[in-house]
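Student: Hey, dropping coords.pdb in here, PDB, C-alpha atoms:
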ATOM      1  CA  ILE A  25      44.800 -36.966  -0.855
ATOM      2  CA  GLY A  26      47.997 -38.710  -1.950
ATOM      3  CA  ASN A  27      46.225 -42.071  -2.061
ATOM      4  CA  PHE A  28      43.301 -40.510  -3.945
ATOM      5  CA  ILE A  29      45.653 -39.097  -6.596
ATOM      6  CA  LEU A  30      47.490 -42.410  -7.020
ATOM      7  CA  GLU A  31      44.236 -44.379  -7.244
ATOM      8  CA  THR A  32      42.351 -42.039  -9.599
ATOM      9  CA  GLY A  33      45.167 -40.409 -11.546
ATOM     10  CA  SER A  34      43.656 -36.971 -10.903
ATOM     11  CA  ILE A  35      44.361 -34.114  -8.496
ATOM     12  CA  PRO A  36      41.179 -33.167  -6.581
ATOM     13  CA  THR A  37      40.042 -29.540  -6.722
ATOM     14  CA  ASN A  38      36.871 -30.291  -4.744
ATOM     15  CA  ASP A  39      36.621 -31.679  -1.217
ATOM     16  CA  HIS A  40      35.970 -35.447  -1.268
ATOM     17  CA  PHE A  41      36.776 -36.111   2.376
ATOM     18  CA  SER A  42      34.852 -33.748   4.685
ATOM     19  CA  PHE A  43      31.249 -34.358   5.713
ATOM     20  CA  THR A  44      30.330 -30.698   6.189
ATOM     21  CA  LYS A  45      32.389 -29.410   3.234
ATOM     22  CA  LEU A  46      31.775 -32.211   0.732
ATOM     23  CA  GLY A  47      32.029 -30.840  -2.806
ATOM     24  CA  ASP A  48      33.351 -27.441  -1.761
ATOM     25  CA  PRO A  49      36.327 -26.015  -3.713
ATOM     26  CA  LEU A  50      39.673 -27.396  -2.556
ATOM     27  CA  THR A  51      43.082 -25.907  -3.298
ATOM     28  CA  PRO A  52      45.545 -28.829  -3.362
ATOM     29  CA  HIS A  53      48.534 -26.728  -2.348
ATOM     30  CA  GLU A  54      50.486 -29.748  -1.033
ATOM     31  CA  TRP A  55      49.437 -32.409  -3.529
ATOM     32  CA  LEU A  56      52.942 -33.448  -4.618
ATOM     33  CA  SER A  57      54.232 -33.930  -1.076
ATOM     34  CA  GLN A  58      51.094 -35.939  -0.259
ATOM     35  CA  VAL A  59      51.796 -38.201  -3.226
ATOM     36  CA  ILE A  60      55.413 -38.654  -2.079
ATOM     37  CA  PHE A  61      54.255 -39.521   1.459
ATOM     38  CA  SER A  62      51.704 -41.958   0.044
ATOM     39  CA  LEU A  63      54.313 -43.678  -2.125
ATOM     40  CA  SER A  64      56.737 -44.026   0.790
ATOM     41  CA  GLU A  65      53.947 -45.533   2.903
ATOM     42  CA  ARG A  66      53.069 -48.018   0.169
ATOM     43  CA  ILE A  67      56.695 -49.060  -0.244
ATOM     44  CA  ALA A  68      57.725 -49.405   3.416
ATOM     45  CA  GLY A  69      54.690 -48.633   5.567
ATOM     46  CA  LEU A  70      54.816 -45.898   8.186
ATOM     47  CA  ASP A  71      58.516 -46.678   8.675
ATOM     48  CA  GLY A  72      58.987 -45.512   5.099
ATOM     49  CA  VAL A  73      57.399 -42.159   5.925
ATOM     50  CA  VAL A  74      59.667 -41.771   8.973
ATOM     51  CA  MET A  75      62.777 -42.626   6.932
ATOM     52  CA  LEU A  76      61.745 -40.193   4.184
ATOM     53  CA  VAL A  77      61.320 -37.365   6.692
ATOM     54  CA  GLY A  78      64.683 -38.169   8.279
ATOM     55  CA  ILE A  79      66.445 -38.087   4.906
ATOM     56  CA  ILE A  80      64.836 -34.763   3.938
ATOM     57  CA  LEU A  81      65.736 -33.142   7.251
ATOM     58  CA  GLY A  82      69.281 -34.495   7.149
ATOM     59  CA  LEU A  83      69.717 -33.205   3.607
ATOM     60  CA  SER A  84      68.372 -29.790   4.659
ATOM     61  CA  TYR A  85      71.046 -29.333   7.321
ATOM     62  CA  TRP A  86      73.742 -30.700   5.057
ATOM     63  CA  VAL A  87      72.815 -28.029   2.483
ATOM     64  CA  SER A  88      72.953 -25.425   5.260
ATOM     65  CA  TYR A  89      76.457 -26.638   6.079
ATOM     66  CA  ARG A  90      77.445 -26.402   2.403
ATOM     67  CA  THR A  91      76.152 -22.817   2.340
ATOM     68  CA  SER A  92      78.411 -22.044   5.297
ATOM     69  CA  MET A  93      81.328 -23.465   3.338
ATOM     70  CA  VAL A  94      80.506 -21.163   0.427
ATOM     71  CA  LEU A  95      80.782 -18.205   2.800
ATOM     72  CA  GLY A  96      83.866 -19.360   4.680
ATOM     73  CA  ARG A  97      86.084 -22.309   5.536
ATOM     74  CA  MET A  98      85.484 -22.490   9.275
ATOM     75  CA  HIS A  99      84.334 -26.115   9.371
ATOM     76  CA  LEU A 100      84.039 -26.503  13.142
ATOM     77  CA  ILE A 101      82.056 -23.273  13.599
ATOM     78  CA  ALA A 102      79.805 -24.220  10.693
ATOM     79  CA  ILE A 103      79.106 -27.653  12.199
ATOM     80  CA  ILE A 104      78.312 -26.157  15.623
ATOM     81  CA  LEU A 105      75.962 -23.539  14.163
ATOM     82  CA  VAL A 106      74.164 -26.080  11.961
ATOM     83  CA  MET A 107      73.699 -28.328  15.005
ATOM     84  CA  LEU A 108      72.239 -25.382  16.927
ATOM     85  CA  ALA A 109      69.945 -24.610  13.973
ATOM     86  CA  ALA A 110      68.802 -28.232  13.904
ATOM     87  CA  ALA A 111      68.056 -28.163  17.630
ATOM     88  CA  ALA A 112      66.162 -24.871  17.354
ATOM     89  CA  SER A 113      64.056 -26.147  14.451
ATOM     90  CA  SER A 114      63.355 -29.590  15.940
ATOM     91  CA  LEU A 115      59.836 -28.344  16.771
ATOM     92  CA  HIS A 116      59.123 -28.828  13.072
ATOM     93  CA  TRP A 117      60.431 -32.387  12.750
ATOM     94  CA  LEU A 118      57.049 -33.796  11.792
ATOM     95  CA  ALA A 119      55.822 -35.998   8.958
ATOM     96  CA  ARG A 120      54.084 -33.080   7.294
ATOM     97  CA  PRO A 121      54.559 -31.286   3.952
ATOM     98  CA  HIS A 122      56.338 -28.299   5.498
ATOM     99  CA  ILE A 123      59.564 -30.341   5.728
ATOM    100  CA  PHE A 124      59.912 -29.811   1.968
ATOM    101  CA  THR A 125      59.893 -26.052   2.583
ATOM    102  CA  ILE A 126      62.769 -26.485   5.055
ATOM    103  CA  LEU A 127      64.765 -28.333   2.383
ATOM    104  CA  LEU A 128      63.927 -25.990  -0.489
ATOM    105  CA  ALA A 129      64.572 -22.881   1.606
ATOM    106  CA  ALA A 130      68.048 -24.255   2.316
ATOM    107  CA  PHE A 131      68.698 -24.871  -1.403
ATOM    108  CA  TRP A 132      67.180 -21.470  -2.266
ATOM    109  CA  LEU A 133      69.539 -19.666   0.135
ATOM    110  CA  LEU A 134      72.549 -21.570  -1.196
ATOM    111  CA  GLN A 135      71.802 -20.429  -4.745
ATOM    112  CA  LEU A 136      71.144 -16.852  -3.629
ATOM    113  CA  GLU A 137      74.506 -16.753  -1.903
ATOM    114  CA  LYS A 138      76.191 -17.986  -5.077
ATOM    115  CA  VAL A 139      74.531 -15.172  -7.019
ATOM    116  CA  ARG A 140      75.528 -12.613  -4.371
ATOM    117  CA  LEU A 141      79.138 -13.784  -4.497
ATOM    118  CA  GLY A 142      79.110 -13.845  -8.304
ATOM    119  CA  SER A 143      79.993 -17.523  -8.545
ATOM    120  CA  GLU A 144      78.005 -20.234 -10.331
ATOM    121  CA  GLY A 145      74.664 -18.490  -9.799
ATOM    122  CA  LYS A 146      72.297 -19.297 -12.680
ATOM    123  CA  TRP A 147      68.899 -17.596 -12.874
ATOM    124  CA  PHE A 148      67.103 -20.628 -14.363
ATOM    125  CA  ILE A 149      67.817 -22.738 -11.265
ATOM    126  CA  PHE A 150      65.296 -20.671  -9.280
ATOM    127  CA  PRO A 151      62.193 -21.307 -11.427
ATOM    128  CA  ILE A 152      63.078 -25.023 -11.511
ATOM    129  CA  MET A 153      63.124 -25.089  -7.700
ATOM    130  CA  MET A 154      59.931 -23.021  -7.556
ATOM    131  CA  LEU A 155      58.110 -25.473  -9.840
ATOM    132  CA  PHE A 156      58.589 -28.163  -7.198
ATOM    133  CA  TRP A 157      58.131 -25.843  -4.208
ATOM    134  CA  VAL A 158      54.753 -24.451  -5.273
ATOM    135  CA  ASN A 159      53.382 -27.981  -5.673
ATOM    136  CA  LEU A 160      54.982 -29.372  -2.507
ATOM    137  CA  HIS A 161      53.939 -26.815   0.107
ATOM    138  CA  GLY A 162      52.076 -23.535   0.434
ATOM    139  CA  ALA A 163      55.013 -21.799   2.126
ATOM    140  CA  PHE A 164      56.653 -21.315  -1.272
ATOM    141  CA  LEU A 165      55.788 -17.675  -0.556
ATOM    142  CA  ALA A 166      58.754 -17.621   1.826
ATOM    143  CA  GLY A 167      61.031 -18.085  -1.167
ATOM    144  CA  PHE A 168      59.858 -14.796  -2.646
ATOM    145  CA  VAL A 169      60.273 -12.981   0.680
ATOM    146  CA  ILE A 170      63.875 -14.226   0.914
ATOM    147  CA  TRP A 171      64.476 -13.353  -2.755
ATOM    148  CA  ALA A 172      63.149  -9.808  -2.205
ATOM    149  CA  CYS A 173      65.536  -9.289   0.723
ATOM    150  CA  TYR A 174      68.503 -10.298  -1.432
ATOM    151  CA  PHE A 175      67.306  -8.292  -4.430
ATOM    152  CA  VAL A 176      66.917  -5.055  -2.448
ATOM    153  CA  GLY A 177      70.164  -5.691  -0.603
ATOM    154  CA  MET A 178      72.071  -6.024  -3.884
ATOM    155  CA  ILE A 179      70.781  -2.833  -5.516
ATOM    156  CA  ASP A 180      73.612  -0.392  -6.199
ATOM    157  CA  PHE A 181      72.228   2.919  -4.934
ATOM    158  CA  SER A 182      75.485   4.755  -5.677
ATOM    159  CA  VAL A 183      74.740   5.129  -9.392
ATOM    160  CA  GLN A 184      71.908   6.719 -11.358
ATOM    161  CA  PRO A 185      69.805   4.988 -12.461
ATOM    162  CA  TRP A 186      70.081   2.342  -9.764
ATOM    163  CA  LYS A 187      71.862  -0.795 -10.867
ATOM    164  CA  PHE A 188      69.961  -4.064 -10.389
ATOM    165  CA  ASN A 189      71.360  -7.569 -10.343
ATOM    166  CA  ARG A 190      70.058  -9.016 -13.604
ATOM    167  CA  THR A 191      70.464 -12.632 -12.539
ATOM    168  CA  LEU A 192      68.228 -12.070  -9.510
ATOM    169  CA  LEU A 193      65.753 -10.030 -11.543
ATOM    170  CA  TYR A 194      65.361 -12.817 -14.126
ATOM    171  CA  ALA A 195      65.219 -15.438 -11.365
ATOM    172  CA  GLY A 196      62.403 -13.662  -9.517
ATOM    173  CA  PHE A 197      60.305 -12.910 -12.584
ATOM    174  CA  ALA A 198      60.663 -16.439 -13.966
ATOM    175  CA  SER A 199      59.836 -17.956 -10.567
ATOM    176  CA  ILE A 200      56.632 -15.907 -10.285
ATOM    177  CA  VAL A 201      55.534 -17.111 -13.727
ATOM    178  CA  ILE A 202      56.440 -20.734 -12.951
ATOM    179  CA  SER A 203      54.531 -20.595  -9.655
ATOM    180  CA  MET A 204      51.319 -20.492 -11.710
ATOM    181  CA  LEU A 205      52.024 -24.065 -12.870
ATOM    182  CA  ASN A 206      49.948 -25.802 -10.225
ATOM    183  CA  PRO A 207      46.411 -27.275 -10.162
ATOM    184  CA  SER A 208      44.895 -24.030  -8.821
ATOM    185  CA  GLY A 209      46.976 -21.423 -10.629
ATOM    186  CA  LEU A 210      46.781 -18.070  -8.846
ATOM    187  CA  GLY A 211      44.492 -19.681  -6.253
ATOM    188  CA  VAL A 212      47.480 -21.163  -4.431
ATOM    189  CA  TRP A 213      48.749 -17.628  -3.764
ATOM    190  CA  LYS A 214      45.335 -16.650  -2.386
ATOM    191  CA  VAL A 215      45.289 -19.637  -0.016
ATOM    192  CA  GLY A 216      48.716 -18.703   1.333
ATOM    193  CA  PHE A 217      47.776 -15.090   2.019
ATOM    194  CA  ASP A 218      44.381 -16.088   3.421
ATOM    195  CA  PHE A 219      46.068 -18.396   5.911
ATOM    196  CA  LEU A 220      48.624 -15.815   7.007
ATOM    197  CA  SER A 221      45.906 -13.190   7.466
ATOM    198  CA  ASN A 222      43.748 -15.517   9.592
ATOM    199  CA  ARG A 223      44.718 -14.678  13.194
ATOM    200  CA  TYR A 224      42.994 -17.772  14.592
ATOM    201  CA  LEU A 225      44.824 -20.235  12.323
ATOM    202  CA  VAL A 226      48.188 -18.528  12.759
ATOM    203  CA  GLY A 227      47.674 -18.328  16.532
ATOM    204  CA  HIS A 228      46.823 -22.031  16.839
ATOM    205  CA  THR A 229      49.346 -23.606  14.450
ATOM    206  CA  ALA A 230      52.598 -24.642  16.136
ATOM    207  CA  GLU A 231      54.892 -23.594  13.276
ATOM    208  CA  TYR A 232      53.474 -20.066  13.179
ATOM    209  CA  LEU A 233      53.458 -19.264  16.887
ATOM    210  CA  PRO A 234      55.782 -16.419  17.961
ATOM    211  CA  PRO A 235      58.895 -17.451  19.923
TER     212      PRO A 235
END
Translate this file's structure into structure tokens.
Tutor:
Amino acid sequence: IGNFILETGSIPTNDHFSFTKLGDPLTPHEWLSQVIFSLSERIAGLDGVVMLVGIILGLSYWVSYRTSMVLGRMHLIAIILVMLAAAASSLHWLARPHIFTILLAAFWLLQLEKVRLGSEGKWFIFPIMMLFWVNLHGAFLAGFVIWACYFVGMIDFSVQPWKFNRTLLYAGFASIVISMLNPSGLGVWKVGFDFLSNRYLVGHTAEYLPP
């Protein structure tokens, strides 16, 4: 798909590649990551794809380390825990679009922690990240699940009416709106939920298997 986009200058919304599904509707929920993979392959061959994946994964764990430093200054403990996290997630070290979700989830959590701590958190950073995430990988939905956990956790139930964190409220609303900026619009949400509700696909995809 990445090569097709680079060669034609258009993002396919119909299947051009399958014999039995030729012409059927296609939701290009990973089109941007496929273009990035295609460009890296054109520049440096398959070695370029491997190097790209290595850089993205390395950056993901570096961001996780930086998040630990936002929460505390225990460098050695942070390094050990990030190394353990890397080892536990090594199942997912594949040249596939989901590596961008690993990176963006790390950035997403860093910004959420800044908002929670009341330092440097800006609501407009979230829709900017979501604009990339929704076009890179279908698991952008995870960002909203994480956001919802933080939003509920930061509600002040001790006052009436309940006090909401405005930065998070603006961030979530703007991110939902921005998520519509993709070749399939609301269709990309439908694809995500359809996949998660399909027991066969979830039960036979390595990343979704239970521990």
Student: With a distance cut-off of 9 Å and all atoms listed in the file, select the neighbouring residues of stretch 163-175 of chain A, excluding the residue or stretch itself and same-chain residues fewer than 4 positions from it, and output the selection as an mmCIF file with C-alpha atoms, in the coordinates of the input.
Tutor:
data_model
loop_
_atom_site.group_PDB
_atom_site.id
_atom_site.type_symbol
_atom_site.label_atom_id
_atom_site.label_comp_id
_atom_site.auth_asym_id
_atom_site.auth_seq_id
_atom_site.Cartn_x
_atom_site.Cartn_y
_atom_site.Cartn_z
ATOM 1 C CA HIS A 122 56.338 -28.299 5.498
ATOM 2 C CA THR A 125 59.893 -26.052 2.583
ATOM 3 C CA LEU A 128 63.927 -25.990 -0.489
ATOM 4 C CA ALA A 129 64.572 -22.881 1.606
ATOM 5 C CA TRP A 132 67.180 -21.470 -2.266
ATOM 6 C CA LEU A 133 69.539 -19.666 0.135
ATOM 7 C CA LEU A 136 71.144 -16.852 -3.629
ATOM 8 C CA GLU A 137 74.506 -16.753 -1.903
ATOM 9 C CA ARG A 140 75.528 -12.613 -4.371
ATOM 10 C CA MET A 154 59.931 -23.021 -7.556
ATOM 11 C CA TRP A 157 58.131 -25.843 -4.208
ATOM 12 C CA VAL A 158 54.753 -24.451 -5.273
ATOM 13 C CA ASN A 159 53.382 -27.981 -5.673
ATOM 14 C CA ILE A 179 70.781 -2.833 -5.516
ATOM 15 C CA PHE A 188 69.961 -4.064 -10.389
ATOM 16 C CA ASN A 189 71.360 -7.569 -10.343
ATOM 17 C CA LEU A 192 68.228 -12.070 -9.510
ATOM 18 C CA LEU A 193 65.753 -10.030 -11.543
ATOM 19 C CA ALA A 195 65.219 -15.438 -11.365
ATOM 20 C CA GLY A 196 62.403 -13.662 -9.517
ATOM 21 C CA SER A 199 59.836 -17.956 -10.567
ATOM 22 C CA ILE A 200 56.632 -15.907 -10.285
ATOM 23 C CA SER A 203 54.531 -20.595 -9.655
ATOM 24 C CA TRP A 213 48.749 -17.628 -3.764
ATOM 25 C CA GLY A 216 48.716 -18.703 1.333
ATOM 26 C CA PHE A 217 47.776 -15.090 2.019
#
Student: Rank A:Leu83, A:Ile101, A:Met178, A:Ile123 by their smallest atom-to-atom distance to A:Val139, using only C-alpha atoms, and report the top residue only.
Tutor: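 Comparing A:Leu83, A:Ile101, A:Met178, A:Ile123 against A:Val139, the winner is A:Met178.
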Student: Of the candidates A:Ile149, A:Val201, A:Leu95, A:Ile25, which shows the shortest atom-to-atom distance to A:Asn38, using all atoms listed in the file?
Tutor: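 Among the listed residues, A:Ile25 lies closest to A:Asn38.
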Student: Could you state the separation of atom CA of A:Ile126 and atom CA of A:Pro207 in Å, given to one decimal place?
Tutor: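 Between atom CA of A:Ile126 and atom CA of A:Pro207 the gap is 22.4 Å.
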Student: I need the residue nearest A:Leu134 from this list: A:Trp147, A:His99, A:Arg90, A:Glu65. Use all atoms listed in the file for the distance.
Tutor: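 So, comparing all the options, the nearest one is A:Arg90.
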Student: Env of stretch 52-57 of chain A: 7 Å cut, atoms = all atoms listed in the file, seq-sep filter 6 positions within chain, self excluded. Answer as a PyMOL selection string.
Tutor: chain A and resi 26+36-37+121+159-162+212
Student: My list of candidates is A:Val183, A:Phe41, A:Thr191, A:Ile80. Which is closest to A:Ser143 when distances are computed with only C-alpha atoms?
Tutor: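 Ranked by minimum distance to A:Ser143, first place goes to A:Thr191.
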Student: Rounded to one decimal in Å, what is the spacing between atom CA of A:Ser42 and atom CA of A:Leu210?
Tutor: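 Interatomic distance here is 23.9 Å.
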Student: Restricting the calculation to all atoms listed in the file, which member of A:Leu220, A:Met204, A:Leu127, A:Ala230 is positioned closest to A:Gly82?
Tutor: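 Closest candidate: A:Leu127.
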Student: Could you tell me how far atom CA of A:Val215 lies from atom CA of A:Asn27, in Å and to one decimal?
Tutor: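 Atom-to-atom, atom CA of A:Val215 to atom CA of A:Asn27, that is 22.5 Å.
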Student: Show me, as a PDB file with C-alpha atoms, in the coordinates of the input, the residues that have an atom within 7 Å of A:Ile202 when counting only C-alpha atoms, minus same-chain residues fewer than 4 positions from it.
Tutor:
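And here is the file that came out, part-v9.pdb:
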ATOM      1  CA  PRO A 151      62.193 -21.307 -11.427  1.00  0.00           C
ATOM      2  CA  MET A 154      59.931 -23.021  -7.556  1.00  0.00           C
ATOM      3  CA  LEU A 155      58.110 -25.473  -9.840  1.00  0.00           C
ATOM      4  CA  ALA A 198      60.663 -16.439 -13.966  1.00  0.00           C
TER       5      ALA A 198
END
Student: Using all atoms of stretch 182-190 of chain A listed in the file and a margin of 8 Å per side, can you give the axis-aligned box centre and edge lengths in Å to one decimal, as lines of an AutoDock Vina configuration file?
Tutor:
center_x = 72.6
center_y = -1.1
center_z = -9.6
size_x = 21.7
size_y = 31.7
size_z = 23.9
